[in-house]
Amino acid sequence: MTVTADFDLSDRFRPQRLEPLTALRAFRRLVRDKEDTAQVFEIMRALSGRSIARGYNRLLGTMEGGRQAFLREELAHKLDDPAWLARFEPGAVGAAYRDFREARGFTAEGLAQEARKVAPMADAPHPVIWYSRRLRDVHDIWHVLTGYQTDALGEACVVAFSYAQTGNLGFAFIGWGAAREIQRENLSIPARRAVLQAWRHGRAARWLPALDYEALLAEPLEAARARLNIRPPSVYEAVPAEARAALRLRG
């Protein structure tokens with residue numbers, strides 16, 4: 001549901017002020033309970049700075065991105081529609097995404113609810129805030145595209161990839177902080193190297209926020225990865241799945 005409100009005409013939209021201490025406290029809570037997704041959004045809120053506004057302006061600088069901004073569709077509405085997701089053939093990005101979320105019980109609205117706990121304006125009818133919702137809603141699609149799973153190392157890697165794509169310091173903080181905690185827990189896991197590779201892959205890939213996601217989800221997964229120059233996560237995949245699953249990130 002989209003919130004409507006009457007805003008004071010003299011009120012200016014201002015970028016989020018950086019709050020590193022808030023981010024640090026939220027990260028400590030996240031380490032104690034990695035399922036506490038609201039802390040991820042608290043870190044992102046505290047460290048987003050001007051990155052969201054810059055990303056929106058970059059969106060407007062491309063033809064497809066400008067079209068997406070003009071349409072201003074709420075991706076979460078489609079991504080939570082079982083009938084819409086059922087249209088994608090096996091092997092397509094959309095089918096892989098459907099399987100990914102069904103295996104984990106994820107929903108786009110579930111992520112949105114976590115975001116609202118720390119960002120009361122998350123549903124505001126403003127184009128820059130719409131762009132921030134877009135980044136939130138494509139997070140699990142980026143998991144599918146990059147090949148990173150939802151274990152602690154996979155999340156650290158996908159946010160490092162996301163930092164390269166968005167410039168949001170919150171992603172960098174979570175990725176590098178999680179890599180540090182993982183290596184404290186298990187020195188044999190090359191977490192820092194995996195995160196660094198993910199960041200490099202994010203820099204090398206095409207810019208994903210401007211994509212037509214409805215068209216992307218209909219593409220064959222491997223063809224989409226090749227077109228977008230998304231490279232295989234070789235360092236991450238070299239870590240045995242059992243070792244990744246065993247990570248607990250206990251504070």
# chains A, B, ... in the order shown; residues from 1 in each chain; ligands from 1

call {"tool": "closest_atom_pairs", "arguments": {"of": "segment 74-119 of chain A", "to": "segment 139-157 of chain A", "cutoff": "8 Å", "atoms": "only C-alpha atoms", "output": "tab-separated table"}}
result
residue	atom	partner	partner_atom	distance
A:Val93	CA	A:Val144	CA	7.5
A:Ala96	CA	A:Val144	CA	6.7
A:Tyr97	CA	A:Val144	CA	6.1
A:Phe100	CA	A:Val144	CA	7.4
A:Arg101	CA	A:Asp140	CA	7.8

call {"tool": "write_last_selection", "arguments": {"atoms": "C-alpha atoms", "output": "mmCIF file, in the first residue's frame"}}
result
data_model
loop_
_atom_site.group_PDB
_atom_site.id
_atom_site.type_symbol
_atom_site.label_atom_id
_atom_site.label_comp_id
_atom_site.auth_asym_id
_atom_site.auth_seq_id
_atom_site.Cartn_x
_atom_site.Cartn_y
_atom_site.Cartn_z
ATOM 1 C CA VAL A 93 15.594 -15.554 -14.419
ATOM 2 C CA ALA A 96 15.022 -19.091 -10.727
ATOM 3 C CA TYR A 97 13.795 -16.165 -8.634
ATOM 4 C CA PHE A 100 14.711 -18.994 -4.720
ATOM 5 C CA ARG A 101 11.978 -17.248 -2.753
#

call {"tool": "residues_around", "arguments": {"residues": "segment 204-221 of chain A", "least_positions_apart": "4", "cutoff": "9 Å", "atoms": "only C-alpha atoms", "output": "JSON list (two decimals) with N, CA and C atoms, in the first residue's frame"}}
result
[["chain", "number", "residue", "atom", "x", "y", "z"],
["A", 55, "GLY", "N", 21.86, 7.97, -7.36],
["A", 55, "GLY", "CA", 21.42, 6.84, -8.16],
["A", 55, "GLY", "C", 20.19, 7.18, -8.98],
["A", 58, "ARG", "N", 21.24, 9.21, -11.87],
["A", 58, "ARG", "CA", 21.87, 8.35, -12.88],
["A", 58, "ARG", "C", 20.80, 7.59, -13.66],
["A", 59, "LEU", "N", 19.76, 7.16, -12.97],
["A", 59, "LEU", "CA", 18.65, 6.47, -13.63],
["A", 59, "LEU", "C", 18.07, 7.35, -14.73],
["A", 60, "LEU", "N", 17.87, 8.62, -14.43],
["A", 60, "LEU", "CA", 17.29, 9.54, -15.40],
["A", 60, "LEU", "C", 18.22, 9.79, -16.59],
["A", 62, "THR", "N", 19.74, 7.60, -18.37],
["A", 62, "THR", "CA", 19.69, 6.53, -19.37],
["A", 62, "THR", "C", 18.28, 6.46, -19.94],
["A", 63, "MET", "N", 18.16, 6.00, -21.17],
["A", 63, "MET", "CA", 16.84, 5.91, -21.78],
["A", 63, "MET", "C", 15.94, 4.93, -21.05],
["A", 64, "GLU", "N", 16.45, 3.72, -20.78],
["A", 64, "GLU", "CA", 15.61, 2.73, -20.10],
["A", 64, "GLU", "C", 15.35, 3.14, -18.65],
["A", 65, "GLY", "N", 16.38, 3.67, -17.99],
["A", 65, "GLY", "CA", 16.19, 4.12, -16.63],
["A", 65, "GLY", "C", 15.17, 5.25, -16.55],
["A", 66, "GLY", "N", 15.24, 6.17, -17.49],
["A", 66, "GLY", "CA", 14.26, 7.25, -17.53],
["A", 66, "GLY", "C", 12.86, 6.74, -17.76],
["A", 67, "ARG", "N", 12.74, 5.71, -18.60],
["A", 67, "ARG", "CA", 11.42, 5.11, -18.84],
["A", 67, "ARG", "C", 10.89, 4.46, -17.56],
["A", 68, "GLN", "N", 11.77, 3.77, -16.84],
["A", 68, "GLN", "CA", 11.35, 3.15, -15.59],
["A", 68, "GLN", "C", 10.92, 4.20, -14.57],
["A", 69, "ALA", "N", 11.66, 5.32, -14.52],
["A", 69, "ALA", "CA", 11.30, 6.40, -13.60],
["A", 69, "ALA", "C", 9.96, 7.01, -13.99],
["A", 75, "LEU", "N", 7.72, -2.62, -7.96],
["A", 75, "LEU", "CA", 8.08, -4.00, -8.30],
["A", 75, "LEU", "C", 7.54, -5.00, -7.28],
["A", 78, "LYS", "N", 4.28, -6.81, -8.21],
["A", 78, "LYS", "CA", 4.38, -7.92, -9.17],
["A", 78, "LYS", "C", 5.10, -9.12, -8.57],
["A", 87, "ARG", "N", 4.26, -17.24, -14.78],
["A", 87, "ARG", "CA", 4.37, -17.15, -16.23],
["A", 87, "ARG", "C", 5.76, -17.45, -16.77],
["A", 88, "PHE", "N", 6.78, -17.46, -15.90],
["A", 88, "PHE", "CA", 8.15, -17.60, -16.37],
["A", 88, "PHE", "C", 8.53, -19.07, -16.56],
["A", 89, "GLU", "N", 9.10, -19.35, -17.72],
["A", 89, "GLU", "CA", 9.44, -20.72, -18.08],
["A", 89, "GLU", "C", 10.67, -21.20, -17.31],
["A", 90, "PRO", "N", 10.80, -22.53, -17.10],
["A", 90, "PRO", "CA", 12.01, -23.06, -16.45],
["A", 90, "PRO", "C", 13.27, -22.58, -17.17],
["A", 91, "GLY", "N", 14.27, -22.23, -16.39],
["A", 91, "GLY", "CA", 15.52, -21.74, -16.96],
["A", 91, "GLY", "C", 15.60, -20.23, -17.04],
["A", 92, "ALA", "N", 14.44, -19.56, -16.91],
["A", 92, "ALA", "CA", 14.43, -18.10, -16.98],
["A", 92, "ALA", "C", 14.84, -17.51, -15.63],
["A", 93, "VAL", "N", 15.26, -16.25, -15.66],
["A", 93, "VAL", "CA", 15.59, -15.55, -14.42],
["A", 93, "VAL", "C", 14.40, -15.57, -13.47],
["A", 94, "GLY", "N", 13.21, -15.33, -14.02],
["A", 94, "GLY", "CA", 12.01, -15.30, -13.19],
["A", 94, "GLY", "C", 11.71, -16.63, -12.53],
["A", 95, "ALA", "N", 11.96, -17.73, -13.24],
["A", 95, "ALA", "CA", 11.73, -19.05, -12.65],
["A", 95, "ALA", "C", 12.74, -19.32, -11.54],
["A", 96, "ALA", "N", 14.00, -18.92, -11.76],
["A", 96, "ALA", "CA", 15.02, -19.09, -10.73],
["A", 96, "ALA", "C", 14.69, -18.24, -9.50],
["A", 97, "TYR", "N", 14.20, -17.03, -9.74],
["A", 97, "TYR", "CA", 13.80, -16.17, -8.63],
["A", 97, "TYR", "C", 12.61, -16.77, -7.88],
["A", 131, "TYR", "N", 12.82, 5.16, -5.81],
["A", 131, "TYR", "CA", 14.05, 4.51, -6.28],
["A", 131, "TYR", "C", 14.66, 3.66, -5.17],
["A", 134, "ARG", "N", 12.85, 0.50, -5.06],
["A", 134, "ARG", "CA", 13.25, -0.33, -6.19],
["A", 134, "ARG", "C", 14.51, -1.14, -5.84],
["A", 135, "LEU", "N", 15.49, -0.47, -5.24],
["A", 135, "LEU", "CA", 16.72, -1.18, -4.83],
["A", 135, "LEU", "C", 16.41, -2.25, -3.80],
["A", 138, "VAL", "N", 14.65, -5.39, -5.55],
["A", 138, "VAL", "CA", 15.42, -6.24, -6.47],
["A", 138, "VAL", "C", 16.54, -7.00, -5.76],
["A", 141, "ILE", "N", 16.52, -10.64, -6.46],
["A", 141, "ILE", "CA", 16.82, -10.88, -7.88],
["A", 141, "ILE", "C", 18.33, -10.81, -8.09],
["A", 142, "TRP", "N", 18.99, -9.90, -7.40],
["A", 142, "TRP", "CA", 20.45, -9.81, -7.51],
["A", 142, "TRP", "C", 21.12, -11.04, -6.91],
["A", 144, "VAL", "N", 19.93, -14.02, -7.19],
["A", 144, "VAL", "CA", 19.80, -15.01, -8.27],
["A", 144, "VAL", "C", 20.78, -14.73, -9.39],
["A", 145, "LEU", "N", 20.90, -13.48, -9.80],
["A", 145, "LEU", "CA", 21.79, -13.13, -10.90],
["A", 145, "LEU", "C", 23.25, -13.40, -10.55],
["A", 164, "ALA", "N", 29.16, -1.75, -5.01],
["A", 164, "ALA", "CA", 29.76, -1.34, -6.28],
["A", 164, "ALA", "C", 28.73, -0.78, -7.23],
["A", 165, "GLN", "N", 27.51, -1.30, -7.17],
["A", 165, "GLN", "CA", 26.45, -0.87, -8.07],
["A", 165, "GLN", "C", 25.80, 0.45, -7.63],
["A", 166, "THR", "N", 25.72, 0.70, -6.32],
["A", 166, "THR", "CA", 24.93, 1.82, -5.82],
["A", 166, "THR", "C", 25.73, 2.93, -5.14],
["A", 199, "TRP", "N", 32.71, -7.31, -4.91],
["A", 199, "TRP", "CA", 32.75, -5.88, -5.21],
["A", 199, "TRP", "C", 33.31, -5.63, -6.61],
["A", 200, "ARG", "N", 34.37, -6.34, -6.96],
["A", 200, "ARG", "CA", 34.94, -6.19, -8.30],
["A", 200, "ARG", "C", 33.95, -6.62, -9.38],
["A", 225, "ARG", "N", 23.06, -13.34, -17.45],
["A", 225, "ARG", "CA", 24.35, -13.12, -16.78],
["A", 225, "ARG", "C", 25.41, -12.70, -17.79],
["A", 226, "ALA", "N", 25.43, -13.35, -18.95],
["A", 226, "ALA", "CA", 26.42, -13.01, -19.97],
["A", 226, "ALA", "C", 26.19, -11.59, -20.49],
["A", 227, "ARG", "N", 24.93, -11.25, -20.76],
["A", 227, "ARG", "CA", 24.62, -9.92, -21.29],
["A", 227, "ARG", "C", 24.98, -8.82, -20.31],
["A", 228, "LEU", "N", 24.79, -9.10, -19.03],
["A", 228, "LEU", "CA", 25.03, -8.10, -17.99],
["A", 228, "LEU", "C", 26.46, -8.15, -17.45],
["A", 229, "ASN", "N", 27.26, -9.07, -18.00],
["A", 229, "ASN", "CA", 28.66, -9.23, -17.58],
["A", 229, "ASN", "C", 28.78, -9.52, -16.08],
["A", 230, "ILE", "N", 27.93, -10.42, -15.60],
["A", 230, "ILE", "CA", 27.99, -10.86, -14.21],
["A", 230, "ILE", "C", 28.81, -12.15, -14.17],
["A", 231, "ARG", "N", 29.95, -12.07, -13.53],
["A", 231, "ARG", "CA", 30.92, -13.17, -13.55],
["A", 231, "ARG", "C", 30.63, -14.20, -12.47]]

call {"tool": "closest_residue", "arguments": {"among": "A:Val40, A:Ala179, A:Leu169, A:Ala224", "to": "Arg136 of chain A", "atoms": "only C-alpha atoms"}}
result
A:Val40

call {"tool": "residues_around", "arguments": {"residues": "Ile129 of chain A", "least_positions_apart": "2", "cutoff": "12 Å", "atoms": "only C-alpha atoms", "output": "PDB file with C-alpha atoms, in the first residue's frame"}}
result
ATOM      1  CA  THR A   2       1.318   3.460  -0.862  1.00  0.00           C
ATOM      2  CA  VAL A   3       1.047   6.168   1.746  1.00  0.00           C
ATOM      3  CA  PHE A  13      13.772  16.743   0.424  1.00  0.00           C
ATOM      4  CA  ARG A  14      17.110  16.294   2.177  1.00  0.00           C
ATOM      5  CA  PRO A  15      19.570  13.417   1.845  1.00  0.00           C
ATOM      6  CA  GLN A  16      20.079  11.268   4.927  1.00  0.00           C
ATOM      7  CA  ARG A  45      19.437   4.392   6.441  1.00  0.00           C
ATOM      8  CA  SER A  48      22.987   6.078   2.596  1.00  0.00           C
ATOM      9  CA  SER A  51      23.821   7.794  -2.775  1.00  0.00           C
ATOM     10  CA  ILE A  52      20.067   7.323  -3.318  1.00  0.00           C
ATOM     11  CA  ALA A  53      19.599  10.741  -4.911  1.00  0.00           C
ATOM     12  CA  ARG A  54      22.707  10.219  -7.055  1.00  0.00           C
ATOM     13  CA  GLY A  55      21.416   6.836  -8.161  1.00  0.00           C
ATOM     14  CA  TYR A  56      18.067   8.308  -9.119  1.00  0.00           C
ATOM     15  CA  ALA A  69      11.300   6.396 -13.599  1.00  0.00           C
ATOM     16  CA  ARG A  72       7.356   4.339 -11.559  1.00  0.00           C
ATOM     17  CA  GLU A  74       6.200  -0.762  -7.657  1.00  0.00           C
ATOM     18  CA  ALA A 119      12.168   4.173   7.899  1.00  0.00           C
ATOM     19  CA  PRO A 120       8.660   5.563   8.463  1.00  0.00           C
ATOM     20  CA  MET A 121       8.797   7.364   5.091  1.00  0.00           C
ATOM     21  CA  ALA A 122       9.627   4.173   3.172  1.00  0.00           C
ATOM     22  CA  ASP A 123       6.276   4.326   1.330  1.00  0.00           C
ATOM     23  CA  ALA A 124       6.276   8.067   0.687  1.00  0.00           C
ATOM     24  CA  PRO A 125       5.180   9.200  -2.810  1.00  0.00           C
ATOM     25  CA  HIS A 126       8.504  10.762  -3.756  1.00  0.00           C
ATOM     26  CA  PRO A 127      10.604   9.705  -6.787  1.00  0.00           C
ATOM     27  CA  TYR A 131      14.052   4.515  -6.277  1.00  0.00           C
ATOM     28  CA  SER A 132      15.150   3.329  -2.817  1.00  0.00           C
ATOM     29  CA  ARG A 133      12.170   0.933  -2.790  1.00  0.00           C
ATOM     30  CA  ARG A 134      13.250  -0.334  -6.193  1.00  0.00           C
ATOM     31  CA  LEU A 135      16.716  -1.176  -4.834  1.00  0.00           C
ATOM     32  CA  ARG A 136      15.128  -2.925  -1.866  1.00  0.00           C
TER      33      ARG A 136
END

call {"tool": "residues_around", "arguments": {"residues": "Pro20 of chain A", "least_positions_apart": "5", "cutoff": "10 Å", "atoms": "only C-alpha atoms", "output": "PyMOL selection string"}}
result
chain A and resi 25-26+43+46-47+169-170+173

call {"tool": "write_last_selection", "arguments": {"atoms": "N, CA and C atoms", "output": "short mmCIF file (atom, residue, chain, number, x, y, z; two decimals), in the first residue's frame"}}
result
data_model
loop_
_atom_site.label_atom_id
_atom_site.label_comp_id
_atom_site.auth_asym_id
_atom_site.auth_seq_id
_atom_site.Cartn_x
_atom_site.Cartn_y
_atom_site.Cartn_z
N ARG A 25 26.09 0.44 16.01
CA ARG A 25 25.21 -0.21 16.99
C ARG A 25 24.27 -1.21 16.32
N ALA A 26 23.74 -0.83 15.15
CA ALA A 26 22.84 -1.74 14.42
C ALA A 26 23.59 -2.98 13.96
N ILE A 43 21.16 0.21 9.16
CA ILE A 43 22.51 0.53 8.67
C ILE A 43 22.43 1.27 7.35
N ALA A 46 21.31 4.78 7.93
CA ALA A 46 22.32 5.60 8.60
C ALA A 46 23.47 6.00 7.68
N LEU A 47 23.73 5.20 6.65
CA LEU A 47 24.92 5.44 5.82
C LEU A 47 24.60 5.72 4.34
N LEU A 169 27.23 3.49 1.20
CA LEU A 169 28.22 3.04 2.18
C LEU A 169 27.67 1.98 3.13
N GLY A 170 26.35 1.93 3.30
CA GLY A 170 25.77 0.91 4.15
C GLY A 170 26.10 -0.49 3.65
N PHE A 173 29.74 -1.23 4.52
CA PHE A 173 29.89 -1.45 5.95
C PHE A 173 29.45 -2.86 6.33
#

call {"tool": "closest_residue", "arguments": {"among": "A:Glu109, A:Asp99, A:Glu114, A:Glu42", "to": "His77 of chain A", "atoms": "only C-alpha atoms"}}
result
A:Glu109

call {"tool": "residues_around", "arguments": {"residues": "segment 105-108 of chain A", "least_positions_apart": "4", "cutoff": "8 Å", "atoms": "only C-alpha atoms", "output": "PDB file with N, CA and C atoms, in the first residue's frame"}}
result
ATOM      1  N   ALA A  76       7.453  -4.588  -6.024  1.00  0.00           N
ATOM      2  CA  ALA A  76       6.998  -5.523  -4.991  1.00  0.00           C
ATOM      3  C   ALA A  76       5.613  -6.078  -5.304  1.00  0.00           C
ATOM      4  N   HIS A  77       4.760  -5.264  -5.918  1.00  0.00           N
ATOM      5  CA  HIS A  77       3.404  -5.717  -6.222  1.00  0.00           C
ATOM      6  C   HIS A  77       3.423  -6.899  -7.197  1.00  0.00           C
ATOM      7  N   LEU A  79       6.178  -8.845  -7.849  1.00  0.00           N
ATOM      8  CA  LEU A  79       6.993  -9.940  -7.328  1.00  0.00           C
ATOM      9  C   LEU A  79       6.239 -10.779  -6.300  1.00  0.00           C
ATOM     10  N   ASP A  80       5.206 -10.229  -5.698  1.00  0.00           N
ATOM     11  CA  ASP A  80       4.406 -10.985  -4.736  1.00  0.00           C
ATOM     12  C   ASP A  80       3.116 -11.539  -5.345  1.00  0.00           C
ATOM     13  N   ARG A 101      12.799 -17.784  -3.840  1.00  0.00           N
ATOM     14  CA  ARG A 101      11.978 -17.248  -2.753  1.00  0.00           C
ATOM     15  C   ARG A 101      11.056 -18.300  -2.158  1.00  0.00           C
ATOM     16  N   ALA A 112       9.710  -5.207   2.823  1.00  0.00           N
ATOM     17  CA  ALA A 112       9.155  -3.870   2.998  1.00  0.00           C
ATOM     18  C   ALA A 112       8.747  -3.638   4.452  1.00  0.00           C
ATOM     19  N   ASP A 137      13.574  -3.899  -3.459  1.00  0.00           N
ATOM     20  CA  ASP A 137      12.763  -4.977  -4.028  1.00  0.00           C
ATOM     21  C   ASP A 137      13.545  -5.880  -4.976  1.00  0.00           C
TER      22      ASP A 137
END
